[in-house]
file my_file.cif (mmCIF, C-alpha atoms and all ligand atoms)
data_entry
#
loop_
_atom_site.label_atom_id
_atom_site.label_comp_id
_atom_site.auth_asym_id
_atom_site.auth_seq_id
_atom_site.Cartn_x
_atom_site.Cartn_y
_atom_site.Cartn_z
CA MET A 1 -31.69 4.18 14.16
CA LYS A 2 -29.70 0.98 13.92
CA LYS A 3 -26.04 1.37 14.78
CA THR A 4 -23.31 -0.98 13.64
CA VAL A 5 -19.85 -0.94 15.21
CA LEU A 6 -16.81 -1.80 13.12
CA ASN A 7 -13.56 -2.76 14.80
CA ALA A 8 -10.71 -1.56 12.59
CA ARG A 9 -8.09 -1.47 15.34
CA ARG A 10 -4.48 -2.24 14.32
CA LEU A 11 -5.36 -2.00 10.66
CA LEU A 12 -3.28 0.42 8.69
CA CYS A 13 -4.70 2.60 5.95
CA PRO A 14 -6.24 1.93 3.54
CA LEU A 15 -7.54 -1.24 5.24
CA PRO A 16 -9.90 0.66 7.60
CA VAL A 17 -11.41 2.40 4.56
CA ILE A 18 -11.81 -0.93 2.75
CA ARG A 19 -13.58 -2.39 5.80
CA VAL A 20 -15.87 0.64 6.00
CA GLN A 21 -16.63 0.39 2.29
CA ASN A 22 -17.47 -3.30 2.51
CA THR A 23 -19.60 -2.84 5.64
CA VAL A 24 -21.54 0.13 4.25
CA LYS A 25 -22.42 -1.99 1.21
CA ASN A 26 -24.66 -4.06 3.47
CA LEU A 27 -26.28 -1.15 5.34
CA GLY A 28 -29.34 0.86 4.38
CA THR A 29 -29.70 4.61 3.95
CA GLY A 30 -29.75 6.47 7.25
CA GLU A 31 -28.10 3.65 9.21
CA ILE A 32 -25.25 4.58 11.51
CA LEU A 33 -21.78 3.06 11.44
CA GLU A 34 -19.26 3.63 14.20
CA VAL A 35 -15.68 2.79 13.23
CA VAL A 36 -12.96 2.33 15.83
CA CYS A 37 -9.40 2.62 14.46
CA THR A 38 -5.87 3.07 15.72
CA ASP A 39 -4.26 4.41 12.53
CA PRO A 40 -4.54 8.21 12.62
CA GLY A 41 -4.56 8.18 8.81
CA ALA A 42 -8.17 7.00 9.07
CA LEU A 43 -9.12 10.46 10.40
CA SER A 44 -8.44 11.84 6.97
CA ASP A 45 -9.19 8.83 4.75
CA ILE A 46 -12.60 7.80 6.09
CA PRO A 47 -14.12 11.31 5.84
CA THR A 48 -12.70 11.67 2.31
CA TRP A 49 -14.15 8.32 1.35
CA CYS A 50 -17.51 9.42 2.80
CA ARG A 51 -17.47 12.70 0.88
CA ILE A 52 -16.76 11.10 -2.48
CA ASN A 53 -19.24 8.32 -1.98
CA GLY A 54 -22.12 10.35 -0.60
CA HIS A 55 -22.09 9.46 3.11
CA ARG A 56 -21.98 11.83 6.08
CA VAL A 57 -19.53 11.89 8.96
CA ILE A 58 -21.44 12.80 12.09
CA THR A 59 -18.62 12.86 14.64
CA SER A 60 -14.98 12.02 14.80
CA ARG A 61 -13.11 11.91 18.10
CA SER A 62 -10.05 10.37 19.69
CA GLU A 63 -9.96 8.43 22.94
CA HIS A 64 -6.87 6.74 24.45
CA ASP A 65 -4.96 6.34 21.19
CA GLU A 66 -8.10 5.24 19.39
CA TYR A 67 -10.06 7.18 16.80
CA ILE A 68 -13.80 6.82 16.63
CA ILE A 69 -15.60 7.97 13.54
CA THR A 70 -19.39 7.86 13.31
CA LEU A 71 -21.04 8.12 9.94
CA GLU A 72 -24.49 8.02 8.45
CA VAL A 73 -24.97 5.97 5.32
CA GLY A 74 -26.04 8.02 2.31
CA ASP A 75 -28.85 7.38 -0.13
CA GLY A 76 -27.45 4.60 -2.26
CA ALA A 77 -26.13 6.64 -5.16
CA VAL A 78 -23.06 4.53 -4.58
CA GLN A 79 -21.90 1.77 -6.87
CA PRO A 80 -21.45 -1.46 -4.98
CA ALA A 81 -17.75 -2.18 -4.73
CA ARG A 82 -16.54 -5.72 -4.81
CA MET B 1 -27.15 9.69 -26.65
CA GLN B 2 -26.49 7.14 -23.92
CA GLN B 3 -23.88 8.28 -21.43
CA ARG B 4 -20.99 5.85 -21.49
CA LYS B 5 -19.27 4.66 -18.32
CA ALA B 6 -15.58 4.09 -17.78
CA VAL B 7 -13.69 2.64 -14.85
CA ALA B 8 -10.32 4.31 -14.29
CA LEU B 9 -7.38 2.63 -12.57
CA ILE B 10 -6.43 5.26 -10.01
CA SER B 11 -2.99 4.84 -8.50
CA GLY B 12 -2.90 8.17 -6.72
CA GLY B 13 -0.27 9.54 -9.10
CA LEU B 14 -0.62 12.27 -11.67
CA ASP B 15 -0.92 10.18 -14.84
CA SER B 16 -4.06 8.26 -13.94
CA MET B 17 -5.57 11.47 -12.59
CA LEU B 18 -5.00 13.20 -15.93
CA ALA B 19 -6.21 10.23 -17.95
CA ALA B 20 -9.46 10.12 -15.98
CA ARG B 21 -10.01 13.87 -16.41
CA VAL B 22 -9.39 13.69 -20.18
CA VAL B 23 -12.16 11.13 -20.48
CA GLN B 24 -14.48 12.99 -18.09
CA GLU B 25 -14.07 16.05 -20.30
CA GLN B 26 -15.67 14.04 -23.09
CA GLY B 27 -18.86 13.58 -21.09
CA VAL B 28 -18.15 10.01 -19.99
CA HIS B 29 -19.20 8.93 -16.47
CA VAL B 30 -15.99 7.87 -14.73
CA GLU B 31 -15.52 5.95 -11.49
CA GLY B 32 -12.18 4.97 -10.02
CA ILE B 33 -10.80 1.67 -8.88
CA ASN B 34 -7.72 1.29 -6.69
CA PHE B 35 -6.06 -1.92 -5.62
CA PHE B 36 -4.47 -2.59 -2.27
CA THR B 37 -1.71 -5.17 -2.64
CA GLY B 38 -0.15 -4.79 0.80
CA PHE B 39 2.99 -3.32 -0.78
CA CYS B 40 1.51 0.09 -1.55
CA VAL B 41 3.62 2.98 -0.33
CA GLU B 42 0.48 4.73 0.80
CA GLY B 43 -0.63 5.03 4.35
CA HIS B 44 1.34 2.65 6.50
CA THR B 45 4.69 4.28 6.73
CA HIS B 46 3.00 7.56 7.50
CA ALA B 47 1.10 5.92 10.31
CA ILE B 48 4.09 4.10 11.70
CA ARG B 49 6.98 6.53 11.78
CA LYS B 50 6.68 9.50 14.02
CA LYS B 51 9.04 11.53 11.91
CA ASP B 52 6.59 11.20 9.01
CA LYS B 53 3.71 12.45 11.11
CA ALA B 54 4.16 16.00 9.99
CA LYS B 55 3.70 14.96 6.38
CA SER B 56 0.26 14.78 4.94
CA LYS B 57 -1.42 11.53 5.87
CA ARG B 58 -3.89 11.62 3.07
CA ASN B 59 -4.39 8.62 0.85
CA SER B 60 -3.41 9.79 -2.63
CA ALA B 61 -5.98 7.71 -4.50
CA LEU B 62 -8.82 9.08 -2.37
CA TRP B 63 -7.47 12.57 -2.77
CA VAL B 64 -7.31 12.18 -6.56
CA ALA B 65 -10.87 10.85 -6.65
CA GLU B 66 -12.05 13.85 -4.69
CA GLN B 67 -10.26 16.26 -7.04
CA LEU B 68 -11.92 14.52 -9.98
CA GLY B 69 -15.30 14.36 -8.26
CA ILE B 70 -15.57 10.63 -8.85
CA GLN B 71 -16.40 7.63 -6.68
CA LEU B 72 -13.49 5.40 -5.79
CA HIS B 73 -13.67 1.67 -5.11
CA ILE B 74 -10.71 0.34 -3.16
CA ILE B 75 -10.26 -3.36 -3.60
CA ASP B 76 -8.28 -5.60 -1.29
CA ILE B 77 -6.28 -7.97 -3.51
CA ILE B 78 -3.73 -9.01 -0.88
CA GLU B 79 -4.37 -12.75 -1.22
CA GLU B 80 -4.66 -13.06 -5.00
CA TYR B 81 -1.71 -10.75 -5.53
CA LYS B 82 0.68 -13.15 -3.81
CA ASP B 83 0.87 -15.27 -6.92
CA VAL B 84 1.84 -12.20 -8.96
CA VAL B 85 4.75 -11.46 -6.61
CA ILE B 86 5.85 -15.04 -6.15
CA ASN B 87 5.54 -16.36 -9.71
CA PRO B 88 5.61 -13.48 -12.19
CA LYS B 89 5.40 -14.94 -15.67
CA HIS B 90 7.20 -11.94 -17.14
CA GLY B 91 9.79 -11.75 -14.39
CA TYR B 92 10.89 -8.93 -12.14
CA GLY B 93 12.11 -5.42 -12.80
CA ALA B 94 15.23 -4.00 -11.19
CA HIS B 95 14.17 -5.42 -7.80
CA LEU B 96 11.34 -7.73 -6.76
CA ASN B 97 8.81 -5.62 -8.64
CA PRO B 98 6.76 -7.73 -11.05
CA CYS B 99 5.46 -4.63 -12.85
CA LEU B 100 4.24 -6.20 -16.07
CA ASP B 101 2.39 -9.06 -14.40
CA CYS B 102 1.06 -6.58 -11.87
CA LYS B 103 -0.37 -4.34 -14.60
CA ILE B 104 -1.92 -7.30 -16.38
CA PHE B 105 -3.43 -8.51 -13.12
CA MET B 106 -4.86 -5.12 -12.19
CA VAL B 107 -6.33 -4.49 -15.62
CA ALA B 108 -7.87 -7.98 -15.53
CA LYS B 109 -9.42 -7.22 -12.12
CA ALA B 110 -10.69 -3.89 -13.38
CA ASN B 111 -12.18 -5.65 -16.37
CA GLU B 112 -13.99 -8.07 -14.07
CA TRP B 113 -15.35 -5.12 -12.12
CA ARG B 114 -16.37 -3.42 -15.36
CA ARG B 115 -18.35 -6.47 -16.42
CA ASP B 116 -20.04 -6.92 -13.04
CA ASN B 117 -21.00 -3.26 -12.85
CA ALA B 118 -22.04 -2.83 -16.50
CA PHE B 119 -19.38 -0.25 -17.35
CA ASP B 120 -18.33 0.19 -20.98
CA PHE B 121 -14.56 0.45 -20.88
CA ILE B 122 -11.41 0.75 -18.77
CA LEU B 123 -8.85 3.53 -18.74
CA THR B 124 -5.34 3.80 -17.35
CA GLY B 125 -2.74 6.54 -17.12
CA GLU B 126 -0.10 4.48 -18.94
CA VAL B 127 2.32 6.33 -21.19
CA ILE B 128 4.53 4.56 -23.73
CA GLY B 129 8.15 4.64 -22.65
CA GLN B 130 7.41 6.04 -19.21
CA ARG B 131 8.60 3.00 -17.29
CA PRO B 132 11.31 0.66 -18.52
CA MET B 133 9.56 -2.58 -17.68
CA SER B 134 5.84 -2.21 -17.86
CA GLN B 135 5.22 0.82 -20.04
CA ARG B 136 6.89 0.17 -23.37
CA LYS B 137 5.47 0.05 -26.87
CA GLU B 138 5.74 -3.78 -26.86
CA THR B 139 4.06 -4.21 -23.48
CA MET B 140 0.96 -2.16 -24.30
CA PRO B 141 -0.69 -4.95 -26.35
CA VAL B 142 0.57 -7.56 -23.86
CA VAL B 143 -1.31 -5.85 -21.02
CA ALA B 144 -4.44 -5.42 -23.13
CA GLY B 145 -4.33 -9.00 -24.45
CA GLU B 146 -3.31 -10.99 -21.39
CA SER B 147 -5.71 -9.12 -19.10
CA GLY B 148 -8.59 -9.96 -21.41
CA ALA B 149 -9.53 -6.28 -21.65
CA ASP B 150 -8.37 -6.15 -25.29
CA ASP B 151 -9.67 -3.08 -27.08
CA LEU B 152 -11.80 -2.00 -24.15
CA LEU B 153 -8.61 -0.67 -22.60
CA LEU B 154 -8.06 3.00 -23.39
CA ARG B 155 -4.85 4.89 -22.54
CA PRO B 156 -5.94 8.50 -23.05
CA LEU B 157 -2.45 9.96 -22.56
CA CYS B 158 -0.82 7.97 -25.37
CA ALA B 159 -3.81 6.72 -27.36
CA LYS B 160 -2.71 8.48 -30.53
CA ASN B 161 0.40 6.31 -30.62
CA LEU B 162 -1.69 3.14 -30.42
CA PRO B 163 -4.32 1.55 -32.66
CA PRO B 164 -7.83 2.90 -32.07
CA THR B 165 -9.72 1.08 -29.32
CA LEU B 166 -13.40 0.22 -29.33
CA PRO B 167 -14.46 3.38 -27.45
CA GLU B 168 -12.73 5.44 -30.15
CA ARG B 169 -14.06 3.42 -33.07
CA GLU B 170 -17.59 3.55 -31.72
CA GLY B 171 -17.37 7.30 -31.25
CA TRP B 172 -17.87 7.15 -27.45
CA ILE B 173 -14.57 8.97 -27.33
CA ASP B 174 -13.15 11.50 -29.76
CA ARG B 175 -9.68 10.23 -30.64
CA ASP B 176 -8.61 13.70 -31.74
CA ALA B 177 -9.03 14.96 -28.18
CA LEU B 178 -6.69 12.30 -26.79
CA TYR B 179 -2.90 12.59 -26.45
CA ASP B 180 0.31 11.20 -27.92
CA PHE B 181 2.66 11.38 -24.93
CA SER B 182 5.67 9.12 -24.99
CA GLY B 183 9.03 8.78 -23.29
CA ARG B 184 10.21 9.51 -19.82
CA SER B 185 9.70 13.26 -19.83
CA ARG B 186 7.15 14.49 -17.32
CA LYS B 187 6.76 17.89 -19.00
CA PRO B 188 3.64 17.11 -21.07
CA GLN B 189 1.89 15.72 -17.99
CA MET B 190 2.81 18.76 -15.96
CA ALA B 191 1.56 21.10 -18.67
CA LEU B 192 -1.72 19.20 -18.87
CA ALA B 193 -2.03 19.29 -15.07
CA THR B 194 -1.66 23.07 -15.21
CA ALA B 195 -4.24 23.28 -17.98
CA PHE B 196 -6.69 21.33 -15.81
CA GLY B 197 -5.84 23.41 -12.75
CA PHE B 198 -4.42 20.48 -10.76
CA GLU B 199 -1.96 21.42 -8.05
CA ASP B 200 -0.34 19.60 -5.19
CA TYR B 201 -0.50 16.20 -6.89
CA SER B 202 1.91 13.45 -5.94
CA GLN B 203 4.55 12.15 -8.33
CA PRO B 204 6.00 8.92 -7.02
CA ALA B 205 9.56 8.64 -8.29
CA GLY B 206 10.36 4.93 -8.49
CA GLY B 207 6.96 3.35 -8.70
CA CYS B 208 3.79 2.91 -6.79
CA CYS B 209 4.93 0.23 -4.36
CA PHE B 210 7.64 -0.93 -1.99
CA LEU B 211 8.70 -3.70 -4.37
CA THR B 212 10.60 -1.14 -6.43
CA ASP B 213 12.67 -0.26 -3.38
CA GLU B 214 16.04 -2.02 -3.26
CA HIS B 215 16.22 -2.31 0.52
CA TYR B 216 12.69 -3.54 0.80
CA SER B 217 13.28 -6.17 -1.89
CA ASP B 218 16.46 -7.31 -0.10
CA LYS B 219 14.46 -7.84 3.06
CA LEU B 220 11.79 -9.80 1.23
CA ALA B 221 14.42 -11.96 -0.49
CA ASP B 222 16.03 -12.59 2.91
CA LEU B 223 12.68 -13.61 4.37
CA TRP B 224 12.11 -16.10 1.57
CA ARG B 225 15.62 -17.51 1.90
CA ALA B 226 15.33 -17.92 5.66
CA ARG B 227 11.97 -19.67 5.40
CA GLY B 228 13.04 -21.85 2.49
CA SER B 229 9.90 -20.90 0.58
CA ARG B 230 8.63 -17.93 -1.35
CA GLU B 231 5.56 -17.19 0.71
CA TYR B 232 4.35 -14.32 2.83
CA GLU B 233 1.47 -13.12 4.95
CA LEU B 234 0.30 -9.53 5.26
CA ASP B 235 1.97 -9.17 8.67
CA ASP B 236 5.31 -10.29 7.18
CA ILE B 237 5.31 -7.65 4.51
CA MET B 238 4.15 -4.96 6.93
CA LEU B 239 7.00 -5.78 9.28
CA LEU B 240 9.49 -5.44 6.42
CA LYS B 241 8.54 -1.77 6.31
CA VAL B 242 9.37 -1.18 9.95
CA GLY B 243 12.59 -0.97 11.94
CA ARG B 244 16.19 -1.97 11.41
CA HIS B 245 16.52 -5.60 10.30
CA LEU B 246 19.55 -7.61 11.36
CA ARG B 247 20.21 -11.27 10.67
CA PRO B 248 23.12 -12.41 12.86
CA ARG B 249 22.41 -16.13 12.26
CA PRO B 250 20.48 -17.96 9.54
CA ASN B 251 17.89 -19.19 12.06
CA PHE B 252 16.75 -15.81 13.38
CA LYS B 253 16.57 -12.14 12.62
CA MET B 254 15.99 -9.08 14.75
CA ILE B 255 13.59 -6.25 14.02
CA ILE B 256 14.77 -3.24 16.01
CA ALA B 257 12.49 -0.26 16.47
CA ARG B 258 14.21 2.99 15.45
CA GLU B 259 11.84 5.38 17.12
CA GLU B 260 8.68 5.74 19.16
CA GLY B 261 6.23 5.28 16.32
CA GLU B 262 7.88 2.01 15.33
CA THR B 263 7.98 0.84 18.94
CA LYS B 264 4.26 1.40 19.20
CA PHE B 265 3.65 -0.51 16.01
CA LEU B 266 5.92 -3.43 16.95
CA LYS B 267 4.28 -3.70 20.37
CA GLY B 268 1.21 -5.00 18.58
CA TYR B 269 3.26 -8.03 17.49
CA ARG B 270 4.85 -8.88 20.84
CA LYS B 271 2.61 -11.87 21.46
CA ALA B 272 3.56 -13.48 18.15
CA PHE B 273 7.34 -13.13 18.56
CA THR B 274 10.07 -13.44 21.13
CA SER B 275 10.75 -9.85 22.17
CA MET B 276 13.48 -7.94 23.97
CA ASN B 277 13.87 -4.54 25.51
CA PRO B 278 16.59 -3.02 27.68
CA VAL B 279 15.49 -2.33 31.25
CA SER B 280 18.57 -0.85 32.91
CA HIS B 281 18.79 1.79 30.17
CA SER B 282 16.27 3.16 27.74
CA GLY B 283 16.35 1.45 24.39
CA PRO B 284 14.40 -0.05 21.57
CA LEU B 285 11.82 -2.78 21.48
CA VAL B 286 13.20 -5.71 19.46
CA LEU B 287 11.29 -8.59 17.91
CA ILE B 288 13.07 -11.85 17.18
CA ASP B 289 11.76 -13.66 14.13
CA GLY B 290 12.80 -17.30 13.87
CA ASP B 291 13.87 -19.96 16.30
CA PRO B 292 16.85 -18.75 18.33
CA THR B 293 18.85 -21.01 20.68
CA GLU B 294 19.85 -19.87 24.17
CA ASP B 295 23.21 -18.66 22.80
CA ASP B 296 21.43 -16.82 20.02
CA LEU B 297 19.28 -15.04 22.60
CA LYS B 298 22.39 -13.86 24.42
CA LEU B 299 23.84 -12.60 21.16
CA ALA B 300 20.55 -10.83 20.36
CA ALA B 301 20.49 -9.31 23.85
CA SER B 302 23.98 -7.87 23.42
CA LEU B 303 22.92 -6.42 20.08
CA THR B 304 19.80 -4.98 21.69
CA ALA B 305 22.09 -3.44 24.33
CA ARG B 306 24.20 -1.96 21.54
CA TYR B 307 21.19 -0.02 20.27
CA SER B 308 20.25 1.22 23.77
CA GLN B 309 21.38 4.25 25.74
CA GLY B 310 23.68 1.86 27.58
CA ARG B 311 25.83 1.17 24.54
CA GLU B 312 28.92 2.52 26.36
CA ALA B 313 28.07 0.82 29.66
CA GLU B 314 29.77 -2.32 30.88
CA THR B 315 26.60 -4.30 31.00
CA VAL B 316 22.96 -3.76 30.16
CA GLU B 317 20.01 -5.63 31.60
CA VAL B 318 17.64 -6.83 28.89
CA GLU B 319 14.18 -8.26 29.39
CA VAL B 320 13.43 -11.26 27.17
CA VAL B 321 9.85 -12.42 26.69
CA ARG B 322 9.41 -15.79 25.04
CA ASP B 323 6.09 -17.65 24.90
CA GLY B 324 4.68 -15.27 27.49
CA VAL B 325 7.49 -15.98 29.99
CA SER B 326 9.64 -13.01 30.96
CA ARG B 327 13.20 -13.16 32.26
CA ARG B 328 16.25 -10.90 32.31
CA LEU B 329 19.71 -11.24 30.84
CA VAL B 330 22.65 -9.08 31.86
CA VAL B 331 24.97 -8.70 28.87
CA PRO B 332 27.81 -6.50 27.62
CA PRO B 333 26.71 -4.36 24.65
CA MET B 334 28.27 -5.55 21.41
CA PRO B 335 30.74 -2.95 20.13
CA ALA B 336 29.71 -1.41 16.81
CA HIS B 337 32.87 -2.60 15.01
CA LYS B 338 32.05 -6.20 15.86
CA ILE B 339 28.77 -6.11 13.96
CA PRO B 340 29.55 -7.40 10.46
CA PRO B 341 27.89 -5.23 7.79
CA GLU B 342 26.34 -8.32 6.20
CA TRP B 343 24.15 -8.77 9.28
CA HIS B 344 22.23 -5.69 8.18
CA ILE B 345 19.55 -6.70 5.74
S1 LIG C 401 5.51 -0.49 -8.93
FE1 LIG C 401 4.46 -2.09 -7.77
S2 LIG C 401 2.25 -1.57 -7.95
FE2 LIG C 401 3.35 -0.39 -9.52
S3 LIG C 401 3.23 -1.68 -11.37
FE3 LIG C 401 5.18 -2.18 -10.34
S4 LIG C 401 4.69 -3.93 -9.03
FE4 LIG C 401 2.74 -2.98 -9.59
#
call {"tool": "encode", "arguments": {"input": "my_file.cif", "output": "structure tokens"}}
result
Amino acid sequence: MKKTVLNARRLLCPLPVIRVQNTVKNLGTGEILEVVCTDPGALSDIPTWCRINGHRVITSRSEHDEYIITLEVGDGAVQPAR
Amino acid sequence: MQQRKAVALISGGLDSMLAARVVQEQGVHVEGINFFTGFCVEGHTHAIRKKDKAKSKRNSALWVAEQLGIQLHIIDIIEEYKDVVINPKHGYGAHLNPCLDCKIFMVAKANEWRRDNAFDFILTGEVIGQRPMSQRKETMPVVAGESGADDLLLRPLCAKNLPPTLPEREGWIDRDALYDFSGRSRKPQMALATAFGFEDYSQPAGGCCFLTDEHYSDKLADLWRARGSREYELDDIMLLKVGRHLRPRPNFKMIIAREEGETKFLKGYRKAFTSMNPVSHSGPLVLIDGDPTEDDLKLAASLTARYSQGREAETVEVEVVRDGVSRRLVVPPMPAHKIPPEWHI
């Protein structure tokens, strides 16, 4: 399955969530997105955003002060955000 | 009957949460919209300051959306919002908060989104009399009119005090099941929250953004004065949230980290600024914003020394990095009583 990597380092919340939202808009159902962030707030915000918008967090881990969240894009029941 | 769709402005506070739920209860499909201006209190400070780490790091707007079971669209308006902050037609509130223009702008953006996404109307958590500048009886029609939303803008918490809007007149919404809250009291909102079973919601005291904060506004005003123009970039306004700010001379200011979290954050900006840090003693990372002369750098170094563990020492060695070139200055720490209070921004 196609995997896209999103660099959200140094961005403070909610910017990582906004980047995820805008990237997911261009991905198809089942595609994988890996987000790399440095703001620990993303560990709570990105999974919440996924839950309310119908996507699935597969893994979330931290490595050398970075947080890596991998998610699978849901089935498109999501309104495109502008 | 066709299910109607409403877009709710979700700030993360209680009022918009209640307003959205009131409309959901009437069978309307609700989705949320939240705007990121760069000044939002959310997120950043939590991420920066270590002492705030223990506090919940959740984003209130996302949390509210989850409680309501609605989708939330977060929109980055950083660029367009600059004009609202710099040239507010209706002026500022107590500080540099352009609340009325801000409301008009956000409702206008929500209305654009509504049109593009084929939603029927907009709702906000506004309450007449709740806020002195932007939520008064006279400003309600100003927001509706100047945003272009007109009678597609429903305020469920105070609708009964206002003329019926299109959603009410068309019967999409039962006006009798809306509310007539007014004034500054929070009691009716709290009672309604209890009735809906909402707990643990956030109630921002001053407002939803840093512009309502006196100290923050002072720092922004200082930045504009020093640059000779009322402009800003996202990094500027982020840095105003971090550290102790001191302006010893008109041509430069110092941003002094107060703790580890801030040091970590400021480190990310070292390449863009002249920076200083004590080396003979432990002490803060300092960024110098502006164009300091050699004498200014010595002054800044002695101030840096003042905020280090060597404040009582005779001299402190300070590393100065300018344009990628590092050197060291040995300076006496400036005594606290010699720092004029007006240097603190
Ligand atoms: S407090 Fe800030 S975000 Fe809220 S209305 Fe005023 S200017 Fe806008």
call {"tool": "closest_residue", "arguments": {"input": "my_file.cif", "among": "A:Glu72, A:Asp65, A:Asp45, A:Glu31", "to": "chain B", "atoms": "all atoms listed in the file"}}
result
A:Asp45
call {"tool": "closest_residue", "arguments": {"input": "my_file.cif", "among": "B:Arg230, B:His73, B:Lys298, B:His337", "to": "chain A", "atoms": "only C-alpha atoms"}}
result
B:His73
call {"tool": "closest_atom_pairs", "arguments": {"input": "my_file.cif", "of": "chain A", "to": "chain B", "cutoff": "7 Å", "atoms": "all atoms listed in the file", "output": "CSV"}}
result
residue,atom,partner,partner_atom,distance
A:Leu12,CA,B:His44,CA,5.6
A:Cys13,CA,B:Gly43,CA,5.0
A:Pro14,CA,B:Gly43,CA,6.5
A:Ile18,CA,B:Ile74,CA,6.1
A:Asp39,CA,B:Ala47,CA,6.0
A:Pro40,CA,B:Ala47,CA,6.5
A:Gly41,CA,B:Lys57,CA,5.5
A:Ser44,CA,B:Arg58,CA,6.0
A:Asp45,CA,B:Asn59,CA,6.2
A:Thr48,CA,B:Leu62,CA,6.6
A:Trp49,CA,B:Leu62,CA,6.5
A:Ile52,CA,B:Gln71,CA,5.5
A:Asn53,CA,B:Gln71,CA,5.5
A:Ala81,CA,B:His73,CA,5.6
A:Arg82,CA,B:Ile75,CA,6.8
call {"tool": "write_last_selection", "arguments": {"input": "my_file.cif", "atoms": "C-alpha atoms", "output": "mmCIF file, in the frame of the given file"}}
result
data_model
loop_
_atom_site.group_PDB
_atom_site.id
_atom_site.type_symbol
_atom_site.label_atom_id
_atom_site.label_comp_id
_atom_site.auth_asym_id
_atom_site.auth_seq_id
_atom_site.Cartn_x
_atom_site.Cartn_y
_atom_site.Cartn_z
ATOM 1 C CA LEU A 12 -3.280 0.420 8.690
ATOM 2 C CA CYS A 13 -4.700 2.600 5.950
ATOM 3 C CA PRO A 14 -6.240 1.930 3.540
ATOM 4 C CA ILE A 18 -11.810 -0.930 2.750
ATOM 5 C CA ASP A 39 -4.260 4.410 12.530
ATOM 6 C CA PRO A 40 -4.540 8.210 12.620
ATOM 7 C CA GLY A 41 -4.560 8.180 8.810
ATOM 8 C CA SER A 44 -8.440 11.840 6.970
ATOM 9 C CA ASP A 45 -9.190 8.830 4.750
ATOM 10 C CA THR A 48 -12.700 11.670 2.310
ATOM 11 C CA TRP A 49 -14.150 8.320 1.350
ATOM 12 C CA ILE A 52 -16.760 11.100 -2.480
ATOM 13 C CA ASN A 53 -19.240 8.320 -1.980
ATOM 14 C CA ALA A 81 -17.750 -2.180 -4.730
ATOM 15 C CA ARG A 82 -16.540 -5.720 -4.810
#
call {"tool": "residues_near_ligand", "arguments": {"input": "my_file.cif", "ligand": "ligand LIG 401 (chain C)", "cutoff": "6 Å", "atoms": "all atoms listed in the file", "output": "mmCIF file with C-alpha atoms, keeping the file's coordinate frame"}}
result
data_model
loop_
_atom_site.group_PDB
_atom_site.id
_atom_site.type_symbol
_atom_site.label_atom_id
_atom_site.label_comp_id
_atom_site.auth_asym_id
_atom_site.auth_seq_id
_atom_site.Cartn_x
_atom_site.Cartn_y
_atom_site.Cartn_z
ATOM 1 C CA ASN B 97 8.810 -5.620 -8.640
ATOM 2 C CA PRO B 98 6.760 -7.730 -11.050
ATOM 3 C CA CYS B 99 5.460 -4.630 -12.850
ATOM 4 C CA CYS B 102 1.060 -6.580 -11.870
ATOM 5 C CA LYS B 103 -0.370 -4.340 -14.600
ATOM 6 C CA GLY B 207 6.960 3.350 -8.700
ATOM 7 C CA CYS B 208 3.790 2.910 -6.790
ATOM 8 C CA CYS B 209 4.930 0.230 -4.360
ATOM 9 C CA LEU B 211 8.700 -3.700 -4.370
ATOM 10 C CA THR B 212 10.600 -1.140 -6.430
#
call {"tool": "residues_around", "arguments": {"input": "my_file.cif", "residues": "His215 of chain B", "least_positions_apart": "5", "cutoff": "12 Å", "atoms": "all atoms listed in the file", "output": "list in words"}}
result
Ala94, His95, Leu96, Phe210, Leu220, Ala221, Asp222, Leu240, Lys241, Val242, Arg244, His245, His344 and Ile345 of chain B
call {"tool": "residues_around", "arguments": {"input": "my_file.cif", "residues": "Thr23 of chain A", "least_positions_apart": "3", "cutoff": "10 Å", "atoms": "all atoms listed in the file", "output": "list in words"}}
result
Thr4, Val5, Leu6, Val17, Ile18, Arg19, Val20, Asn26, Leu27 and Leu33 of chain A
call {"tool": "atom_distance", "arguments": {"input": "my_file.cif", "atom1": "atom CA of Met1 of chain A", "atom2": "atom CA of Gly30 of chain A"}}
result
7.5 Å
call {"tool": "residues_around", "arguments": {"input": "my_file.cif", "residues": "Gly283 of chain B", "least_positions_apart": "5", "cutoff": "7 Å", "atoms": "all atoms listed in the file", "output": "mmCIF file with C-alpha atoms, in the coordinates of the input"}}
result
data_model
loop_
_atom_site.group_PDB
_atom_site.id
_atom_site.type_symbol
_atom_site.label_atom_id
_atom_site.label_comp_id
_atom_site.auth_asym_id
_atom_site.auth_seq_id
_atom_site.Cartn_x
_atom_site.Cartn_y
_atom_site.Cartn_z
ATOM 1 C CA ASN B 277 13.870 -4.540 25.510
ATOM 2 C CA PRO B 278 16.590 -3.020 27.680
ATOM 3 C CA TYR B 307 21.190 -0.020 20.270
ATOM 4 C CA SER B 308 20.250 1.220 23.770
ATOM 5 C CA GLN B 309 21.380 4.250 25.740
#
call {"tool": "residues_around", "arguments": {"input": "my_file.cif", "residues": "segment 3-6 of chain B", "least_positions_apart": "3", "cutoff": "6 Å", "atoms": "all atoms listed in the file", "output": "PyMOL selection string"}}
result
chain B and resi 28-30+119-122
call {"tool": "atom_distance", "arguments": {"input": "my_file.cif", "atom1": "atom CA of Arg169 of chain B", "atom2": "atom CA of Arg186 of chain B"}}
result
28.6 Å
call {"tool": "atom_distance", "arguments": {"input": "my_file.cif", "atom1": "atom CA of Phe181 of chain B", "atom2": "atom CA of Arg115 of chain B"}}
result
28.9 Å
call {"tool": "closest_residue", "arguments": {"input": "my_file.cif", "among": "B:Glu233, B:Asp174, B:Glu314, B:Asp296", "to": "Lys82 of chain B", "atoms": "all atoms listed in the file"}}
result
B:Glu233
